[in-house]
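Q: So here's model-v3.pdb, just PDB, C-alpha atoms and all ligand atoms:
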```pdb
ATOM      1  CA  MET A 185       0.000   0.000   0.000
ATOM      2  CA  ALA A 186       1.340   3.404  -0.941
ATOM      3  CA  MET A 187       1.753   6.191   1.542
ATOM      4  CA  ILE A 188       0.486   9.613   0.657
ATOM      5  CA  GLU A 189       1.776  12.709   2.339
ATOM      6  CA  LYS A 190       0.407  16.224   2.265
ATOM      7  CA  ILE A 191       2.179  19.227   3.690
ATOM      8  CA  TYR A 192       0.367  22.399   4.709
ATOM      9  CA  GLU A 193       1.942  25.596   5.992
ATOM     10  CA  THR A 194       0.019  28.018   8.180
ATOM     11  CA  THR A 195       0.845  31.445   9.555
ATOM     12  CA  GLY A 196      -1.737  31.653  12.348
ATOM     13  CA  PRO A 197      -4.295  29.666  14.367
ATOM     14  CA  GLU A 198      -7.197  30.499  12.045
ATOM     15  CA  GLU A 199      -5.413  28.838   9.117
ATOM     16  CA  THR A 200      -4.628  25.730  11.160
ATOM     17  CA  LEU A 201      -8.276  25.611  12.208
ATOM     18  CA  GLN A 202      -9.293  25.733   8.536
ATOM     19  CA  ILE A 203      -6.944  22.844   7.641
ATOM     20  CA  GLY A 204      -8.442  20.823  10.501
ATOM     21  CA  LYS A 205     -11.932  21.698   9.314
ATOM     22  CA  GLN A 206     -11.207  20.647   5.751
ATOM     23  CA  ILE A 207      -9.826  17.289   6.942
ATOM     24  CA  GLY A 208     -12.747  16.825   9.358
ATOM     25  CA  GLU A 209     -15.213  17.377   6.528
ATOM     26  CA  SER A 210     -13.932  14.316   4.706
ATOM     27  CA  ALA A 211     -13.142  12.150   7.758
ATOM     28  CA  ALA A 212     -14.788   8.737   7.882
ATOM     29  CA  ALA A 213     -15.899   6.372  10.639
ATOM     30  CA  GLY A 214     -13.139   3.978  11.661
ATOM     31  CA  GLU A 215     -10.327   6.419  10.938
ATOM     32  CA  VAL A 216      -7.761   7.179  13.628
ATOM     33  CA  TYR A 217      -5.888  10.496  13.509
ATOM     34  CA  ALA A 218      -2.680  10.652  15.545
ATOM     35  CA  LEU A 219      -1.642  14.226  16.346
ATOM     36  CA  ILE A 220       2.028  14.608  17.081
ATOM     37  CA  GLY A 221       3.777  17.796  18.142
ATOM     38  CA  ASP A 222       5.088  19.679  21.146
ATOM     39  CA  LEU A 223       3.069  21.573  23.719
ATOM     40  CA  GLY A 224       1.453  24.671  22.247
ATOM     41  CA  VAL A 225       2.045  23.711  18.648
ATOM     42  CA  GLY A 226      -1.652  23.733  17.740
ATOM     43  CA  LYS A 227      -2.993  20.190  18.209
ATOM     44  CA  THR A 228      -6.102  21.457  19.965
ATOM     45  CA  VAL A 229      -6.574  24.267  17.450
ATOM     46  CA  PHE A 230      -6.475  21.648  14.689
ATOM     47  CA  THR A 231      -8.959  19.504  16.648
ATOM     48  CA  LYS A 232     -11.390  22.406  17.039
ATOM     49  CA  GLY A 233     -11.401  22.815  13.261
ATOM     50  CA  PHE A 234     -11.701  19.061  12.752
ATOM     51  CA  ALA A 235     -14.756  18.987  15.035
ATOM     52  CA  GLU A 236     -16.270  21.894  13.133
ATOM     53  CA  GLY A 237     -15.739  19.959   9.921
ATOM     54  CA  LEU A 238     -17.706  17.059  11.401
ATOM     55  CA  GLY A 239     -20.544  19.438  12.175
ATOM     56  CA  ILE A 240     -19.935  19.668  15.916
ATOM     57  CA  ASP A 241     -20.983  23.051  17.303
ATOM     58  CA  GLU A 242     -20.227  22.638  20.994
ATOM     59  CA  PRO A 243     -16.881  23.992  22.226
ATOM     60  CA  VAL A 244     -13.943  21.581  22.028
ATOM     61  CA  ASN A 245     -11.088  21.805  24.506
ATOM     62  CA  SER A 246      -8.105  19.690  25.396
ATOM     63  CA  PRO A 247      -9.412  16.824  27.536
ATOM     64  CA  THR A 248      -6.069  16.492  29.326
ATOM     65  CA  PHE A 249      -7.627  15.688  32.661
ATOM     66  CA  THR A 250     -10.226  13.278  31.356
ATOM     67  CA  ILE A 251      -8.169  11.594  28.579
ATOM     68  CA  LEU A 252     -11.295  11.162  26.446
ATOM     69  CA  GLN A 253     -14.059  13.501  25.416
ATOM     70  CA  ILE A 254     -16.905  12.213  23.236
ATOM     71  CA  TYR A 255     -18.852  14.451  20.863
ATOM     72  CA  GLU A 256     -21.904  12.862  19.315
ATOM     73  CA  GLU A 257     -23.718  15.739  17.699
ATOM     74  CA  GLY A 258     -21.764  15.731  14.435
ATOM     75  CA  ARG A 259     -22.045  13.732  11.233
ATOM     76  CA  ILE A 260     -20.233  10.848  12.987
ATOM     77  CA  PRO A 261     -19.095  10.553  16.634
ATOM     78  CA  LEU A 262     -15.748  12.129  17.507
ATOM     79  CA  TYR A 263     -13.595  10.452  20.148
ATOM     80  CA  HIS A 264     -11.093  13.105  21.190
ATOM     81  CA  PHE A 265      -8.226  11.728  23.262
ATOM     82  CA  ASP A 266      -5.399  13.577  24.944
ATOM     83  CA  VAL A 267      -2.989  10.927  26.177
ATOM     84  CA  TYR A 268      -0.369  13.291  27.598
ATOM     85  CA  ARG A 269      -0.851  11.847  31.064
ATOM     86  CA  ILE A 270      -0.924   8.182  30.088
ATOM     87  CA  GLU A 271       1.981   6.305  31.621
ATOM     88  CA  GLU A 272       1.143   2.687  30.811
ATOM     89  CA  PRO A 273      -0.629   1.323  27.722
ATOM     90  CA  GLU A 274      -2.888  -0.615  30.118
ATOM     91  CA  GLU A 275      -4.517   2.660  31.114
ATOM     92  CA  MET A 276      -5.772   2.956  27.555
ATOM     93  CA  GLU A 277      -7.245  -0.533  27.689
ATOM     94  CA  GLU A 278      -9.069   0.448  30.852
ATOM     95  CA  ILE A 279     -10.853   3.296  29.136
ATOM     96  CA  GLY A 280     -11.801   0.999  26.260
ATOM     97  CA  PHE A 281      -9.477   2.338  23.577
ATOM     98  CA  ASP A 282      -9.819  -0.808  21.424
ATOM     99  CA  GLU A 283     -13.570  -0.409  21.171
ATOM    100  CA  TYR A 284     -13.242   3.222  20.184
ATOM    101  CA  ILE A 285     -10.741   2.613  17.405
ATOM    102  CA  GLU A 286     -12.951  -0.087  15.950
ATOM    103  CA  GLY A 287     -16.080   1.884  16.621
ATOM    104  CA  ASP A 288     -18.567   3.816  14.576
ATOM    105  CA  GLY A 289     -16.812   7.131  14.941
ATOM    106  CA  VAL A 290     -13.506   8.820  14.234
ATOM    107  CA  CYS A 291     -10.684   8.943  16.798
ATOM    108  CA  LEU A 292      -8.342  11.885  17.125
ATOM    109  CA  ILE A 293      -5.497  11.506  19.595
ATOM    110  CA  GLU A 294      -3.362  14.369  20.911
ATOM    111  CA  TRP A 295       0.124  13.267  22.039
ATOM    112  CA  ALA A 296      -0.344   9.999  20.113
ATOM    113  CA  GLY A 297       3.426   9.379  20.140
ATOM    114  CA  ARG A 298       3.031   8.288  23.756
ATOM    115  CA  ILE A 299       0.896   5.308  22.812
ATOM    116  CA  GLU A 300       2.618   4.485  19.542
ATOM    117  CA  GLU A 301       2.449   0.732  20.133
ATOM    118  CA  LEU A 302      -1.330   0.901  20.396
ATOM    119  CA  LEU A 303      -1.971   2.751  17.144
ATOM    120  CA  PRO A 304      -3.504   0.795  14.249
ATOM    121  CA  GLU A 305      -1.461   0.133  11.113
ATOM    122  CA  ASP A 306      -3.632   2.398   8.999
ATOM    123  CA  VAL A 307      -3.377   5.343  11.392
ATOM    124  CA  ILE A 308      -3.377   8.798   9.798
ATOM    125  CA  VAL A 309      -0.507  10.746  11.291
ATOM    126  CA  VAL A 310      -0.661  14.533  11.611
ATOM    127  CA  PHE A 311       2.670  16.101  12.563
ATOM    128  CA  ILE A 312       2.565  19.756  13.571
ATOM    129  CA  GLU A 313       5.858  21.588  13.863
ATOM    130  CA  LYS A 314       7.100  25.097  14.412
ATOM    131  CA  ASP A 315       9.976  26.648  12.509
ATOM    132  CA  LEU A 316      11.053  29.709  14.431
ATOM    133  CA  ASP A 317      13.067  30.982  11.483
ATOM    134  CA  LYS A 318       9.726  31.470   9.744
ATOM    135  CA  GLY A 319       8.104  33.344  12.629
ATOM    136  CA  LEU A 320       6.403  32.530  15.931
ATOM    137  CA  ASP A 321       3.064  31.693  14.351
ATOM    138  CA  TYR A 322       4.330  29.565  11.488
ATOM    139  CA  ARG A 323       3.346  25.872  11.554
ATOM    140  CA  ARG A 324       4.090  23.031   9.165
ATOM    141  CA  ILE A 325       1.387  20.355   9.181
ATOM    142  CA  THR A 326       2.299  17.032   7.596
ATOM    143  CA  VAL A 327      -0.513  14.537   7.051
ATOM    144  CA  ARG A 328       0.547  11.002   6.239
ATOM    145  CA  ARG A 329      -1.824   8.199   5.350
ATOM    146  CA  LEU A 330      -1.891   4.873   3.550
ATOM    147  CA  ARG A 331      -3.875   4.507   0.382
TER     148      ARG A 331
HETATM  149  P1  LIG B 401      -1.467  22.018  21.757
HETATM  150  O1  LIG B 401      -2.844  21.403  21.812
HETATM  151  O2  LIG B 401      -0.626  21.465  20.645
HETATM  152  O3  LIG B 401      -0.744  21.980  23.062
HETATM  153  P2  LIG B 401      -2.950  24.466  21.378
HETATM  154  O4  LIG B 401      -3.722  24.191  20.132
HETATM  155  O5  LIG B 401      -3.679  24.365  22.672
HETATM  156  O6  LIG B 401      -1.635  23.549  21.403
HETATM  157  O7  LIG B 401      -2.321  25.911  21.324
HETATM  158  C1  LIG B 401      -1.663  26.423  20.206
HETATM  159  C2  LIG B 401      -1.330  27.886  20.494
HETATM  160  O8  LIG B 401      -0.507  28.415  19.459
HETATM  161  C3  LIG B 401      -2.583  28.734  20.554
HETATM  162  O9  LIG B 401      -2.410  29.686  21.564
HETATM  163  C4  LIG B 401      -2.596  29.411  19.185
HETATM  164  O10 LIG B 401      -3.242  30.653  19.193
HETATM  165  C5  LIG B 401      -1.115  29.560  18.896
HETATM  166  N1  LIG B 401      -0.777  29.610  17.462
HETATM  167  C6  LIG B 401      -0.019  30.547  16.867
HETATM  168  N2  LIG B 401       0.137  30.312  15.552
HETATM  169  C7  LIG B 401      -0.551  29.167  15.298
HETATM  170  C8  LIG B 401      -0.750  28.404  14.107
HETATM  171  N3  LIG B 401      -0.211  28.729  12.920
HETATM  172  N4  LIG B 401      -1.501  27.289  14.210
HETATM  173  C9  LIG B 401      -2.027  26.923  15.398
HETATM  174  N5  LIG B 401      -1.872  27.593  16.552
HETATM  175  C10 LIG B 401      -1.123  28.709  16.520
HETATM  176 MG    MG B 402      -3.894  20.293  23.332
END
```
Using structure tokens, write down the structure from this file.
Ligand code: ADP
Ligand code: MG
A:
Amino acid sequence: MAMIEKIYETTGPEETLQIGKQIGESAAAGEVYALIGDLGVGKTVFTKGFAEGLGIDEPVNSPTFTILQIYEEGRIPLYHFDVYRIEEPEEMEEIGFDEYIEGDGVCLIEWAGRIEELLPEDVIVVFIEKDLDKGLDYRRITVRRLR
């Protein structure tokens, strides 16, 4: 299976939100999006746009303290994980991660690098990076998926 990669460059949060929205609009049930990038890089901004693209109107925030936030009012359910505080993969089993990734919705996981061994083979990886030479608000968003 071939890998396809798309690179987007943004110069502010609104643009990153729009990229997330565009990707959310075409997201399908069963897909798992792994968001990878440092603190403050824009993972949650991307997620807000993604949720908007799914037709979710309620406010989306980082669920750092709850690990999982479920939004069911969109076109398909959104399972929004933030696994920053996960220390053992077993903790993910406890919250039922397996059922969510095989479920009827789309999973989006902030800090997915921390649970790399649990990600499915066909995961869609979204890397968000800064490049300070290009300014404080510049972000490069690389989306990698199998086709
Ligand atoms: P993370 O979830 O990765 O920790 P957040 O999405 O919560 O990060 O925060 C990103 C911060 O960076 C926000 O304060 C946002 O306004 C700011 N920002 C500046 N430029 C951008 C950009 N191009 N894309 C996304 N966020 C940006
Ligand atoms: Mg976040």
Q: Report, as lines of an AutoDock Vina configuration file, the centre and edge lengths in Å (one decimal) of the axis-aligned box enclosing every listed atom of region 232-237 of chain A, padded by 3 Å on each side.
A:
```
center_x = -13.8
center_y = 20.9
center_z = 13.5
size_x = 10.9
size_y = 9.8
size_z = 13.1
```
Q: Show which residues sit within 7 Å of Leu238 (chain A), as a list of chain:residue names. Count all atoms listed in the file, and ignore same-chain residues fewer than 6 positions away.
A: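 Once the nearby chain positions are removed, what remains is A:Gly208, A:Glu209, A:Gly258, A:Arg259, A:Ile260.
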Q: What is the atom N5 of ligand LIG 401 (chain B)-CA of Thr194 (chain A) distance in Å, reported with one decimal?
A: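 Value for the atom N5 of ligand LIG 401 (chain B)-CA of Thr194 (chain A) distance: 8.6 Å.
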Q: If you apply the PyMOL selection byres (((chain A and resi 274-291) around 7) and not hetatm) to this file, what residues do you get, as JSON, numbers by chain?
A: {"A": [212, 213, 214, 215, 216, 217, 260, 261, 262, 263, 264, 270, 272, 273, 292, 293]}
Q: Using all atoms listed in the file, determine which residues fall within 12 Å of ligand MG 402 (chain B), then list them as an NGL selection string.
A: :A and (219-232 or 244-249 or 251 or 264-269 or 292-296 or 312)
Q: Name all residues at most 10 Å from Ile188 (chain A) (count only C-alpha atoms; drop same-chain ones fewer than 5 positions away) and give them as an MDAnalysis selection string.
A: chainID A and resid 308 327:331
